[in-house]
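Visitor: I'd like to ask you about the structure that follows.
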Amino acid sequence: MATALYSHPAFRGHVTPPGHPEQVARLAAVEAGLAGLPLDRRLAPLAEEAEVLRCHPGGWLRRVKAAVPETGWAQLDGDTWLSPGTLEAALRAVGGAGAAVDAVIAGEVKNAFVAARPPGHHAETATAMGFCLFGTVAIAAKRALDHHGLSRIAIVDFDVHHGNGTQDLLWEESRCFFASSHEMPLYPGTGRPSEKGAQDQILNLPLKGGSGGEAMRAGYEAQIFPALAAWKPELILISAGFDAHADDPLASLRWQAEDFRWLTARICDLAEEHAGGRVVSCLEGGYDLAALAASVAAHVGVLEERGR
């Protein structure tokens, strides 16, 4: 049984202005990192609009659709741009995450990685932020809960930036545990330990700039892993951002590819114990191309080993 890899050529159709860090070249870096792995490669389907509406209001979806330009670019905020191919890419990101959840829950594969862009974990209920339009992982969690009838989902977000969008979208969701590790202070400025969710189901682990893998490992072992084990999730979703790498230009944590390998293995250990090994991981950040390739290879390499 191979790890499923969901991607699509349409993800290259989301084109950002020159110099933007969330660039098409990120996909080539991801593909280079995964080139040697025996993965079950699948095309990410186009999500129905009803999937987006699991987390976002119809007015927000209509606003995004209306803003997509026929040529060139349109800007939703200081960081988030639309090109003519953006809407299809964003809907396929949602569709890929949903299809990955379907396949893992059905037992077709044990785990999956969704190599999609634009990312999603900064998108709030009706606000584009940090390159993100739709809360891809939050929507996937709601699909697992409401479509498949699961009762305990966990999301682990190890992107260097706090997953404020996922937190916002799932603030009231008592069936989903959300844990985020992130550099602080840093964009978007949220993610304090006092932000616990309406049902005390959110755990934020701020990390100091300049700290490395040792501090991350200690924080996860002391806080996130015990809480995750106590939750006993039936499925673990990962917001897999690789911008905590030491070479990333947008932050100052000092992780290495081996830290992502260790973290993925520990998450998979907990998935084996509580969720039958079921893990769905979705690409978020990571903006140094060489570091992204190496880190994705480390992360998905573990998934592939555990998915056999």
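Within each chain, counting starts at residue 1; across the structure tokens, chains are named A, B, ... in the order shown, with ligands numbered 1 upward in that order.
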Run DSSP on the backbone and grab whatever in range 78-125 of chain A lands in strand (DSSP E); send it over as JSON, numbers by chain.
Guide: {"A": [81, 82, 111, 112, 113, 114]}
Visitor: Please provide the set of residues having any atom within 6 Å of Val156 in chain A, restricted to only C-alpha atoms, with same-chain residues fewer than 3 positions apart removed, written as a PyMOL selection string.
Guide: chain A and resi 179-180+238
Visitor: Identify which of the residues A:Leu150, A:Ala10, A:Leu5, A:Ala240 lies closest to Gly307 in chain A, counting only C-alpha atoms when measuring atom-to-atom distances.
Guide: A:Leu5
Visitor: What's around Ala198 in chain A at 9 Å? Count only C-alpha atoms, leave out sequence neighbours fewer than 6 positions away in its own chain, and write the answer as a ChimeraX atom specification.
Guide: /A:171-174
Visitor: Would you output that residue set with C-alpha atoms, as a compact mmCIF listing (two decimals), in the first residue's frame?
Guide:
# COMPACT_ATOMS: atom_id res chain seq x y z
CA TRP A 171 -12.65 27.89 17.07
CA GLU A 172 -16.09 26.49 17.98
CA GLU A 173 -15.52 22.94 16.70
CA SER A 174 -15.54 20.63 19.71
Visitor: Quick one: pull the distance between CA of Asp248 in chain A and CA of Tyr287 in chain A, Å, one decimal.
Guide: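 These atoms are spaced 5.9 Å apart.
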Visitor: Using DSSP on the backbone coordinates, identify all residues within range 22-72 of chain A classified as helix (DSSP H, G or I); present the result as a PDB file with N, CA and C atoms, in the first residue's frame.
Guide:
ATOM      1  N   ALA A  25       7.609  28.030  -8.824  1.00  0.00           N
ATOM      2  CA  ALA A  25       8.815  27.211  -8.690  1.00  0.00           C
ATOM      3  C   ALA A  25       8.805  26.337  -7.443  1.00  0.00           C
ATOM      4  N   ARG A  26       7.966  26.656  -6.468  1.00  0.00           N
ATOM      5  CA  ARG A  26       7.878  25.813  -5.281  1.00  0.00           C
ATOM      6  C   ARG A  26       7.436  24.400  -5.658  1.00  0.00           C
ATOM      7  N   LEU A  27       6.535  24.290  -6.632  1.00  0.00           N
ATOM      8  CA  LEU A  27       6.066  22.967  -7.036  1.00  0.00           C
ATOM      9  C   LEU A  27       7.181  22.133  -7.646  1.00  0.00           C
ATOM     10  N   ALA A  28       8.029  22.753  -8.448  1.00  0.00           N
ATOM     11  CA  ALA A  28       9.158  22.025  -9.025  1.00  0.00           C
ATOM     12  C   ALA A  28      10.093  21.536  -7.923  1.00  0.00           C
ATOM     13  N   ALA A  29      10.278  22.350  -6.887  1.00  0.00           N
ATOM     14  CA  ALA A  29      11.120  21.935  -5.767  1.00  0.00           C
ATOM     15  C   ALA A  29      10.509  20.742  -5.036  1.00  0.00           C
ATOM     16  N   VAL A  30       9.202  20.798  -4.822  1.00  0.00           N
ATOM     17  CA  VAL A  30       8.516  19.677  -4.166  1.00  0.00           C
ATOM     18  C   VAL A  30       8.639  18.418  -5.019  1.00  0.00           C
ATOM     19  N   GLU A  31       8.408  18.550  -6.323  1.00  0.00           N
ATOM     20  CA  GLU A  31       8.491  17.394  -7.206  1.00  0.00           C
ATOM     21  C   GLU A  31       9.899  16.818  -7.229  1.00  0.00           C
ATOM     22  N   ALA A  32      10.909  17.671  -7.191  1.00  0.00           N
ATOM     23  CA  ALA A  32      12.291  17.186  -7.151  1.00  0.00           C
ATOM     24  C   ALA A  32      12.552  16.409  -5.869  1.00  0.00           C
ATOM     25  N   GLY A  33      12.019  16.904  -4.756  1.00  0.00           N
ATOM     26  CA  GLY A  33      12.209  16.223  -3.497  1.00  0.00           C
ATOM     27  C   GLY A  33      11.545  14.858  -3.443  1.00  0.00           C
ATOM     28  N   LEU A  34      10.457  14.705  -4.191  1.00  0.00           N
ATOM     29  CA  LEU A  34       9.683  13.466  -4.147  1.00  0.00           C
ATOM     30  C   LEU A  34      10.003  12.510  -5.294  1.00  0.00           C
ATOM     31  N   GLU A  49     -18.271  23.571  -4.880  1.00  0.00           N
ATOM     32  CA  GLU A  49     -18.327  24.771  -4.041  1.00  0.00           C
ATOM     33  C   GLU A  49     -18.879  24.458  -2.652  1.00  0.00           C
ATOM     34  N   ALA A  50     -19.699  23.427  -2.537  1.00  0.00           N
ATOM     35  CA  ALA A  50     -20.250  23.051  -1.236  1.00  0.00           C
ATOM     36  C   ALA A  50     -19.158  22.669  -0.252  1.00  0.00           C
ATOM     37  N   GLU A  51     -18.024  22.190  -0.762  1.00  0.00           N
ATOM     38  CA  GLU A  51     -16.919  21.857   0.138  1.00  0.00           C
ATOM     39  C   GLU A  51     -16.344  23.116   0.775  1.00  0.00           C
ATOM     40  N   VAL A  52     -16.167  24.159  -0.010  1.00  0.00           N
ATOM     41  CA  VAL A  52     -15.676  25.432   0.534  1.00  0.00           C
ATOM     42  C   VAL A  52     -16.641  25.961   1.593  1.00  0.00           C
ATOM     43  N   GLY A  58     -21.006  31.843   1.778  1.00  0.00           N
ATOM     44  CA  GLY A  58     -21.161  31.997   0.342  1.00  0.00           C
ATOM     45  C   GLY A  58     -20.715  33.348  -0.169  1.00  0.00           C
ATOM     46  N   GLY A  59     -20.891  34.389   0.649  1.00  0.00           N
ATOM     47  CA  GLY A  59     -20.471  35.717   0.230  1.00  0.00           C
ATOM     48  C   GLY A  59     -18.976  35.802   0.004  1.00  0.00           C
ATOM     49  N   TRP A  60     -18.203  35.077   0.812  1.00  0.00           N
ATOM     50  CA  TRP A  60     -16.745  35.100   0.629  1.00  0.00           C
ATOM     51  C   TRP A  60     -16.356  34.374  -0.660  1.00  0.00           C
ATOM     52  N   LEU A  61     -16.971  33.237  -0.924  1.00  0.00           N
ATOM     53  CA  LEU A  61     -16.675  32.519  -2.161  1.00  0.00           C
ATOM     54  C   LEU A  61     -17.036  33.375  -3.369  1.00  0.00           C
ATOM     55  N   ARG A  62     -18.185  34.049  -3.325  1.00  0.00           N
ATOM     56  CA  ARG A  62     -18.568  34.915  -4.447  1.00  0.00           C
ATOM     57  C   ARG A  62     -17.583  36.064  -4.615  1.00  0.00           C
ATOM     58  N   ARG A  63     -17.088  36.605  -3.514  1.00  0.00           N
ATOM     59  CA  ARG A  63     -16.130  37.710  -3.602  1.00  0.00           C
ATOM     60  C   ARG A  63     -14.834  37.260  -4.265  1.00  0.00           C
ATOM     61  N   VAL A  64     -14.348  36.071  -3.886  1.00  0.00           N
ATOM     62  CA  VAL A  64     -13.117  35.558  -4.493  1.00  0.00           C
ATOM     63  C   VAL A  64     -13.329  35.323  -5.981  1.00  0.00           C
ATOM     64  N   LYS A  65     -14.446  34.701  -6.351  1.00  0.00           N
ATOM     65  CA  LYS A  65     -14.717  34.421  -7.759  1.00  0.00           C
ATOM     66  C   LYS A  65     -14.795  35.714  -8.568  1.00  0.00           C
ATOM     67  N   ALA A  66     -15.423  36.721  -7.989  1.00  0.00           N
ATOM     68  CA  ALA A  66     -15.569  37.989  -8.714  1.00  0.00           C
ATOM     69  C   ALA A  66     -14.255  38.723  -8.862  1.00  0.00           C
ATOM     70  N   ALA A  67     -13.313  38.464  -7.969  1.00  0.00           N
ATOM     71  CA  ALA A  67     -12.043  39.193  -7.984  1.00  0.00           C
ATOM     72  C   ALA A  67     -11.011  38.594  -8.936  1.00  0.00           C
TER      73      ALA A  67
END
Visitor: List the spatial neighbours of range 54-57 of chain A as an mmCIF file with C-alpha atoms, in the first residue's frame - criterion: any atom at most 12 Å away, only C-alpha atoms, same-chain residues fewer than 2 positions off excluded.
Guide:
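File produced: selection.cif:
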data_model
loop_
_atom_site.group_PDB
_atom_site.id
_atom_site.type_symbol
_atom_site.label_atom_id
_atom_site.label_comp_id
_atom_site.auth_asym_id
_atom_site.auth_seq_id
_atom_site.Cartn_x
_atom_site.Cartn_y
_atom_site.Cartn_z
ATOM 1 C CA ALA A 47 -13.822 20.584 -5.253
ATOM 2 C CA GLU A 48 -17.493 21.363 -5.447
ATOM 3 C CA GLU A 49 -18.327 24.771 -4.041
ATOM 4 C CA ALA A 50 -20.250 23.051 -1.236
ATOM 5 C CA GLU A 51 -16.919 21.857 0.138
ATOM 6 C CA VAL A 52 -15.676 25.432 0.534
ATOM 7 C CA GLY A 59 -20.471 35.717 0.230
ATOM 8 C CA TRP A 60 -16.745 35.100 0.629
ATOM 9 C CA LEU A 61 -16.675 32.519 -2.161
ATOM 10 C CA ARG A 62 -18.568 34.915 -4.447
ATOM 11 C CA ARG A 63 -16.130 37.710 -3.602
ATOM 12 C CA VAL A 64 -13.117 35.558 -4.493
ATOM 13 C CA VAL A 94 -9.536 21.828 -1.384
ATOM 14 C CA GLY A 98 -10.876 16.084 0.544
ATOM 15 C CA GLY A 120 -4.631 27.605 3.189
ATOM 16 C CA ALA A 123 -7.455 32.048 5.399
ATOM 17 C CA GLU A 124 -9.997 33.166 7.987
ATOM 18 C CA THR A 125 -13.776 32.872 7.691
ATOM 19 C CA ALA A 126 -14.162 35.723 5.192
ATOM 20 C CA THR A 127 -10.630 37.094 4.885
ATOM 21 C CA ALA A 128 -7.692 36.286 2.617
ATOM 22 C CA LEU A 133 -7.850 31.963 0.103
ATOM 23 C CA PHE A 134 -9.627 28.910 1.547
ATOM 24 C CA GLY A 135 -8.882 26.981 4.733
ATOM 25 C CA THR A 136 -7.927 23.757 2.999
ATOM 26 C CA VAL A 137 -7.054 21.670 6.057
ATOM 27 C CA ALA A 138 -9.963 22.990 8.130
ATOM 28 C CA ILE A 139 -12.333 22.097 5.288
ATOM 29 C CA ALA A 140 -10.809 18.613 5.092
ATOM 30 C CA ALA A 141 -11.367 18.205 8.832
ATOM 31 C CA LYS A 142 -15.013 19.211 8.489
ATOM 32 C CA ARG A 143 -15.422 16.714 5.644
ATOM 33 C CA ALA A 144 -14.037 13.939 7.827
ATOM 34 C CA LEU A 145 -16.406 14.923 10.625
ATOM 35 C CA ASP A 146 -19.606 15.722 8.764
ATOM 36 C CA HIS A 147 -19.380 13.549 5.635
ATOM 37 C CA GLY A 165 -7.090 30.761 9.710
ATOM 38 C CA THR A 166 -7.458 27.163 10.844
ATOM 39 C CA GLN A 167 -7.854 28.398 14.404
ATOM 40 C CA ASP A 168 -10.531 30.895 13.358
ATOM 41 C CA LEU A 169 -12.467 28.387 11.245
ATOM 42 C CA LEU A 170 -12.443 25.706 13.949
ATOM 43 C CA TRP A 171 -12.649 27.892 17.069
ATOM 44 C CA GLU A 172 -16.085 26.490 17.977
ATOM 45 C CA GLU A 173 -15.518 22.938 16.699
#
Visitor: So, counting only C-alpha atoms, which residue among A:Lys110, A:Arg92, A:Arg266, A:His14 is closest to Asp40 in chain A?
Guide: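 Smallest separation from Asp40 in chain A among the options: A:Lys110.
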Visitor: Using only C-alpha atoms, which protein or nucleic acid residues come within 12 Å of Val68 in chain A? Drop anything in the same chain fewer than 6 positions from it, and give the result as an MDAnalysis selection string.
Guide: chainID A and resid 14:15 61:62 74:76 80:90 133
Visitor: Could you tell me which of A:Val104, A:Leu186, A:Ala230, A:Leu237 comes closest to Glu273 in chain A if we count only C-alpha atoms?
Guide: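 When distances to Glu273 in chain A are compared using only C-alpha atoms, the smallest one comes from A:Ala230.
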Visitor: Can you pull out the residues contacting Phe177 in chain A? Cut-off 9 Å, using only C-alpha atoms, and skip same-chain residues under 5 positions away; I want them as a PyMOL selection string.
Guide: chain A and resi 152-156+170+200-203+227-228+231+233
Visitor: Quick check, in Å to one decimal: how far apart do CA of Ala265 in chain A and CA of Met216 in chain A lie?
Guide: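 These atoms are spaced 14.1 Å apart.
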Visitor: What are the closest atom pairs, with distances in Å to one decimal, for all residues of range 193-223 of chain A lying within 10 Å of range 161-164 of chain A? Consider only C-alpha atoms, order rows by chain and residue number, and present the result as a Markdown table.
Guide:
| residue | atom | partner | partner_atom | distance |
| --- | --- | --- | --- | --- |
| A:Asn204 | CA | A:His162 | CA | 8.3 |
| A:Leu205 | CA | A:His162 | CA | 9.2 |
| A:Pro206 | CA | A:His162 | CA | 8.5 |
Visitor: Please produce an output containing C-alpha atoms for each residue in the selection, written as a PDB file, in the first residue's frame.
Guide:
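Writing the result to out-v2.pdb gives the following:
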ATOM      1  CA  ASN A 204      -0.529  26.952  20.690  1.00  0.00           C
ATOM      2  CA  LEU A 205       3.215  26.429  21.128  1.00  0.00           C
ATOM      3  CA  PRO A 206       5.171  29.640  20.417  1.00  0.00           C
TER       4      PRO A 206
END
Visitor: In Å to one decimal, how far is CA of Gly212 in chain A from CA of Lys232 in chain A?
Guide: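 Going from CA of Lys232 in chain A over to CA of Gly212 in chain A covers 28.3 Å.
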Visitor: From the set A:Asp247, A:Asp269, A:Asp102, A:Asp259, which residue has the shortest atom-to-atom contact distance to Ala229 in chain A, counting only C-alpha atoms?
Guide: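 Closest candidate: A:Asp269.
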Visitor: When you look at Gly209 in chain A with a cut-off of 7 Å (counting only C-alpha atoms), what residues show up, excluding the ones that are within fewer than 4 positions of it in the same chain? I need them as a VMD selection string.
Guide: chain A and resid 183 to 184 252 to 253
Visitor: Keeping only C-alpha atoms, write the selected residues as an mmCIF file, in the first residue's frame.
Guide:
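Full text of part21.cif as output:
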data_model
loop_
_atom_site.group_PDB
_atom_site.id
_atom_site.type_symbol
_atom_site.label_atom_id
_atom_site.label_comp_id
_atom_site.auth_asym_id
_atom_site.auth_seq_id
_atom_site.Cartn_x
_atom_site.Cartn_y
_atom_site.Cartn_z
ATOM 1 C CA GLU A 183 7.784 31.365 15.737
ATOM 2 C CA MET A 184 6.673 34.287 17.910
ATOM 3 C CA SER A 252 14.323 32.720 11.850
ATOM 4 C CA LEU A 253 13.822 29.289 13.380
#
Visitor: For a quick check of understanding, using only C-alpha atoms, which of A:Asp79, A:Glu214, A:Glu221, A:Glu272 has the smallest distance to Glu22 in chain A?
Guide: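 Of A:Asp79, A:Glu214, A:Glu221, A:Glu272, the one nearest Glu22 in chain A is A:Asp79, counting only C-alpha atoms.
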Visitor: Kindly indicate which residue among A:Leu263, A:Leu43, A:Leu270, A:Ala218 lies nearest to Val300 in chain A, using only C-alpha atoms for the distances.
Guide: A:Leu263
